[in-house]
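Visitor: Got a structure for you, questions after.
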Amino acid sequence: MLPKKVKKRASLLALMLLLSVIGIFFILQSLNKNILYFKSPTDIKNNQNINFDKKIRVGGMVKKNSLIIKEEEIKFVITDFNNELNISFSGTVPNLFSEEKGVVAEGKLQDKTFFIADRILAKHDENYMPPELKDMMKQNAK
Amino acid sequence: MFKILNLSNIFYWIEKLIGFINSVFFILLLVALSFALIFSPPDYLQGDSVRIMYVHVPSAWIGLASFSSISILSIAHFIFKIKNIRLITKSIAPIGLMFTCLALVTGSIWGQPTWGTWWVWDARITSMFILALFYVGFISTHKLIANENKANKISSIIAIIGLINIPIIKYSVDWWNTLHQPASIKLIGESSIHSSMLMPLLLMFFVFILYCALIFLMKYKTEIIKIKKKNIKRI
């Protein structure tokens with residue numbers, strides 16, 4: 001049998017841990033909206049009271065065949081496969097920015113379907129493979 | 001049975017282990033680095049900047065693993081009051097801090113060419129930053145508080161509270177929208193990283209672990225020497 005002192009300390013510790021886990025759970029729960037690094041187009045569609053003057057970040061996939069590059073602006077559509085959002089941006093984009101890749105845009109909403117970005121960040125997925133394999137996969141898909 | 005745990009015995013085994021790791025470490029490091037930097041293929045999307053992964057990912061793993069072990073040992077110390085555990089946790093902490101910082105720095109260097117930014121406050125990166133702060137707190141209590149018992153108690157509490165941060169780091173990419181991509185290597189199921197890149201990654205991880213063991217043993221040895229100098233027969 002364990003000594004009484006050891007048991008007492010163990011139960012004190014278990015209680016402490018349990019309380020702090022519950023505490024942190026509630027803190028995270030209430031911060032949930034702020035922890036989200038970006039909003040999806042669906043979040044924006046469902047949100048009733050949007051502050052149009054505040055800078056926000058939106059994210060999603062760049063829709064296929066939606067990218068239009070003009071001299072002084074880049075236009076594209078991001079999608080989360082349920083809803084879409086039009087984005088306009090002028091400036092340099094990161095290397096990994098392309099169609100059908102994840103993107104996070106920072107800027108202001110003009111209305112619920114149009115967003116002017118002043119910064120673009122590329123989001124990349126968790127897949128890593130050599131280029132030869134990607135080519136093979138493309139050929140197989142054809 | 002407790003003869004094995006005698007400090008002089010531990011000291012003897014530490015010396016032997018350090019000698020062994022020293023003899024194989026540099027060869028393994030060369031092999032792993034040449035696989036990571038030369039023989040492994042570039043990524044289809046990111047090109048050669050994917051090679052930062054071979055340092056970034058093992059560093060982050062080790063940063064997390066070190067803190068988890070410090071926390072679990074601190075719990076054991078809090079309950080059973082085995083003094084030897086203090087020496088072990090004290091010796092792990094600096095390596096953990098170093099690798100956590102390395103993960104943050106390499107992540108930053110990797111983020112610039114791929115995401116287009118050095119630093120963002122998304123959930124994964126922020127929680128990793130908090131982990132580094134916990135390490136700093138843990139290490140500095142021993143430096144700042146002269147009373148050893150008090151320092152042990154406070155650092156234990158820091159380590160135990162910090163344990164809650166570990167699952168938050170691990171699952172931050174699944175629970176919230178983050179700029180950081182989700183994990184490529186999963187405990188269950190197939191990993192989304194090609195085997196020609198996975199192999200060098202695991203090799204680098206192994207070498208990093210050897211390095212950690214080496215630094216840990218050296219630090220542990222110094223702690224034992226410190227105690228012997230105080231002429232205490234038992235701890």
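The chains in the structure tokens are called A, B, ... from first to last as shown; in each chain the residues are counted from 1, and the ligands are counted from 1 in the order shown.
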What's around Ser40 in chain B at 8 Å? Count only C-alpha atoms, leave out sequence neighbours fewer than 5 positions away in its own chain, and write the answer as a VMD selection string.
Guide: chain B and resid 35 196 to 197 200
Visitor: From the DSSP assignment of the backbone, select every residue of chain A that is alpha helix (DSSP H), and format the answer as a PyMOL selection string.
Guide: chain A and resi 4-35+41-46+131-141
Visitor: Keeping only N, CA and C atoms, take the residues you just selected and write them out as a compact mmCIF listing (two decimals), in the first residue's frame.
Guide:
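The resulting again-v9.txt:
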```
# COMPACT_ATOMS: atom_id res chain seq x y z
N LYS A 4 -0.03 7.21 3.33
CA LYS A 4 -1.17 8.12 3.30
C LYS A 4 -0.82 9.46 2.67
N LYS A 5 0.42 9.92 3.00
CA LYS A 5 0.86 11.22 2.49
C LYS A 5 0.87 11.23 0.96
N VAL A 6 1.41 10.14 0.39
CA VAL A 6 1.51 10.03 -1.07
C VAL A 6 0.13 10.07 -1.71
N LYS A 7 -0.80 9.32 -1.09
CA LYS A 7 -2.18 9.29 -1.61
C LYS A 7 -2.79 10.68 -1.60
N LYS A 8 -2.54 11.39 -0.50
CA LYS A 8 -3.12 12.73 -0.34
C LYS A 8 -2.59 13.66 -1.44
N ARG A 9 -1.27 13.58 -1.65
CA ARG A 9 -0.68 14.44 -2.68
C ARG A 9 -1.22 14.09 -4.06
N ALA A 10 -1.37 12.78 -4.33
CA ALA A 10 -1.85 12.34 -5.64
C ALA A 10 -3.26 12.85 -5.90
N SER A 11 -4.12 12.75 -4.87
CA SER A 11 -5.49 13.19 -5.10
C SER A 11 -5.57 14.71 -5.22
N LEU A 12 -4.71 15.41 -4.46
CA LEU A 12 -4.67 16.87 -4.59
C LEU A 12 -4.28 17.26 -6.01
N LEU A 13 -3.27 16.56 -6.53
CA LEU A 13 -2.78 16.86 -7.87
C LEU A 13 -3.84 16.57 -8.92
N ALA A 14 -4.53 15.43 -8.77
CA ALA A 14 -5.57 15.05 -9.73
C ALA A 14 -6.67 16.11 -9.75
N LEU A 15 -7.04 16.58 -8.57
CA LEU A 15 -8.08 17.60 -8.47
C LEU A 15 -7.62 18.89 -9.16
N MET A 16 -6.34 19.27 -8.89
CA MET A 16 -5.79 20.49 -9.48
C MET A 16 -5.82 20.42 -11.00
N LEU A 17 -5.36 19.26 -11.52
CA LEU A 17 -5.30 19.08 -12.96
C LEU A 17 -6.69 19.15 -13.59
N LEU A 18 -7.63 18.46 -12.93
CA LEU A 18 -8.99 18.42 -13.45
C LEU A 18 -9.58 19.83 -13.53
N LEU A 19 -9.37 20.60 -12.44
CA LEU A 19 -9.91 21.96 -12.40
C LEU A 19 -9.27 22.82 -13.48
N SER A 20 -7.94 22.70 -13.65
CA SER A 20 -7.30 23.56 -14.64
C SER A 20 -7.70 23.16 -16.06
N VAL A 21 -7.91 21.85 -16.29
CA VAL A 21 -8.36 21.42 -17.62
C VAL A 21 -9.74 22.01 -17.91
N ILE A 22 -10.63 21.94 -16.92
CA ILE A 22 -11.97 22.49 -17.11
C ILE A 22 -11.89 24.00 -17.35
N GLY A 23 -11.06 24.67 -16.54
CA GLY A 23 -10.88 26.11 -16.69
C GLY A 23 -10.42 26.48 -18.08
N ILE A 24 -9.39 25.78 -18.56
CA ILE A 24 -8.83 26.10 -19.87
C ILE A 24 -9.81 25.77 -20.97
N PHE A 25 -10.58 24.70 -20.78
CA PHE A 25 -11.59 24.35 -21.77
C PHE A 25 -12.58 25.51 -21.96
N PHE A 26 -13.01 26.10 -20.83
CA PHE A 26 -13.97 27.19 -20.94
C PHE A 26 -13.34 28.45 -21.54
N ILE A 27 -12.07 28.69 -21.18
CA ILE A 27 -11.38 29.86 -21.76
C ILE A 27 -11.32 29.70 -23.28
N LEU A 28 -10.92 28.51 -23.73
CA LEU A 28 -10.80 28.28 -25.17
C LEU A 28 -12.15 28.37 -25.84
N GLN A 29 -13.17 27.86 -25.15
CA GLN A 29 -14.52 27.88 -25.71
C GLN A 29 -14.96 29.32 -25.97
N SER A 30 -14.68 30.20 -24.99
CA SER A 30 -15.12 31.58 -25.16
C SER A 30 -14.24 32.34 -26.14
N LEU A 31 -13.00 31.87 -26.29
CA LEU A 31 -12.10 32.55 -27.23
C LEU A 31 -12.23 31.99 -28.64
N ASN A 32 -13.04 30.96 -28.79
CA ASN A 32 -13.09 30.20 -30.03
C ASN A 32 -13.08 31.07 -31.29
N LYS A 33 -13.89 32.12 -31.28
CA LYS A 33 -14.01 33.00 -32.45
C LYS A 33 -12.70 33.72 -32.73
N ASN A 34 -11.97 34.08 -31.66
CA ASN A 34 -10.73 34.83 -31.85
C ASN A 34 -9.57 33.94 -32.24
N ILE A 35 -9.66 32.66 -31.87
CA ILE A 35 -8.56 31.76 -32.20
C ILE A 35 -8.57 31.42 -33.69
N PRO A 41 -15.91 31.41 -46.36
CA PRO A 41 -17.04 32.09 -47.01
C PRO A 41 -18.39 31.75 -46.37
N THR A 42 -18.55 30.52 -45.87
CA THR A 42 -19.80 30.15 -45.21
C THR A 42 -19.99 30.93 -43.91
N ASP A 43 -18.89 31.10 -43.14
CA ASP A 43 -18.97 31.89 -41.91
C ASP A 43 -19.48 33.29 -42.22
N ILE A 44 -18.97 33.87 -43.31
CA ILE A 44 -19.36 35.24 -43.65
C ILE A 44 -20.81 35.31 -44.09
N LYS A 45 -21.23 34.30 -44.83
CA LYS A 45 -22.62 34.30 -45.29
C LYS A 45 -23.59 34.19 -44.11
N ASN A 46 -23.22 33.36 -43.12
CA ASN A 46 -24.11 33.13 -41.99
C ASN A 46 -24.06 34.23 -40.94
N PRO A 131 8.27 15.54 -57.67
CA PRO A 131 7.57 16.03 -58.87
C PRO A 131 7.22 14.93 -59.86
N GLU A 132 8.10 13.91 -59.98
CA GLU A 132 7.84 12.84 -60.96
C GLU A 132 6.53 12.12 -60.63
N LEU A 133 6.31 11.94 -59.33
CA LEU A 133 5.11 11.22 -58.90
C LEU A 133 3.86 12.02 -59.22
N LYS A 134 3.97 13.35 -59.04
CA LYS A 134 2.83 14.23 -59.32
C LYS A 134 2.48 14.15 -60.82
N ASP A 135 3.53 14.14 -61.66
CA ASP A 135 3.30 14.03 -63.11
C ASP A 135 2.60 12.73 -63.45
N MET A 136 3.06 11.65 -62.80
CA MET A 136 2.44 10.35 -63.05
C MET A 136 0.97 10.36 -62.66
N MET A 137 0.70 11.02 -61.51
CA MET A 137 -0.68 11.07 -61.05
C MET A 137 -1.56 11.86 -62.01
N LYS A 138 -0.97 12.94 -62.57
CA LYS A 138 -1.72 13.74 -63.54
C LYS A 138 -2.04 12.92 -64.78
N GLN A 139 -1.04 12.14 -65.25
CA GLN A 139 -1.25 11.33 -66.45
C GLN A 139 -2.30 10.26 -66.21
N ASN A 140 -2.25 9.67 -65.02
CA ASN A 140 -3.24 8.65 -64.70
C ASN A 140 -4.64 9.24 -64.66
N ALA A 141 -4.73 10.48 -64.20
CA ALA A 141 -6.04 11.13 -64.10
C ALA A 141 -6.62 11.39 -65.47
```
Visitor: Which is closest to chain B among A:Leu2, A:Ile116, A:Ile50, A:Ile74, if we use only C-alpha atoms?
Guide: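 Among A:Leu2, A:Ile116, A:Ile50, A:Ile74, it is A:Leu2 that comes nearest to chain B.
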Visitor: Could you give me, as CSV, a per-residue list for chain A showing, wherever an atom lies at most 6 Å from an atom of chain B, the closest pair of atoms and their distance in Å to one decimal, using only C-alpha atoms and sorting by chain then residue number from low to high?
Guide:
```
residue,atom,partner,partner_atom,distance
A:Val6,CA,B:Ile79,CA,5.6
A:Arg9,CA,B:Ile79,CA,5.5
A:Ala10,CA,B:Ile79,CA,5.5
A:Leu36,CA,B:Asn177,CA,5.2
A:Tyr37,CA,B:Asp122,CA,5.3
A:Pro94,CA,B:Gly116,CA,4.9
A:Leu96,CA,B:Thr114,CA,5.9
A:Leu121,CA,B:Trp115,CA,5.1
A:Ala122,CA,B:Trp115,CA,4.4
A:Lys123,CA,B:Leu179,CA,5.8
A:Asp125,CA,B:Gln181,CA,5.4
A:Glu126,CA,B:Ser184,CA,5.0
A:Asn127,CA,B:Ser192,CA,5.0
A:Tyr128,CA,B:Ile193,CA,4.7
A:Met129,CA,B:His194,CA,5.0
A:Pro130,CA,B:Asp43,CA,4.9
A:Pro131,CA,B:Tyr44,CA,4.0
```
Visitor: Go ahead and compute the interatomic distance for CA of Leu217 in chain B and CA of Leu29 in chain B, in Å to one decimal.
Guide: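 Pair CA of Leu217 in chain B / CA of Leu29 in chain B returns 18.4 Å.
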Visitor: Going by DSSP on the backbone, which residues of range 25-92 of chain A come out as strand (DSSP E or B)? List them as a VMD selection string.
Guide: chain A and resid 39 56 to 62 68 to 69 74 to 79 84 to 89
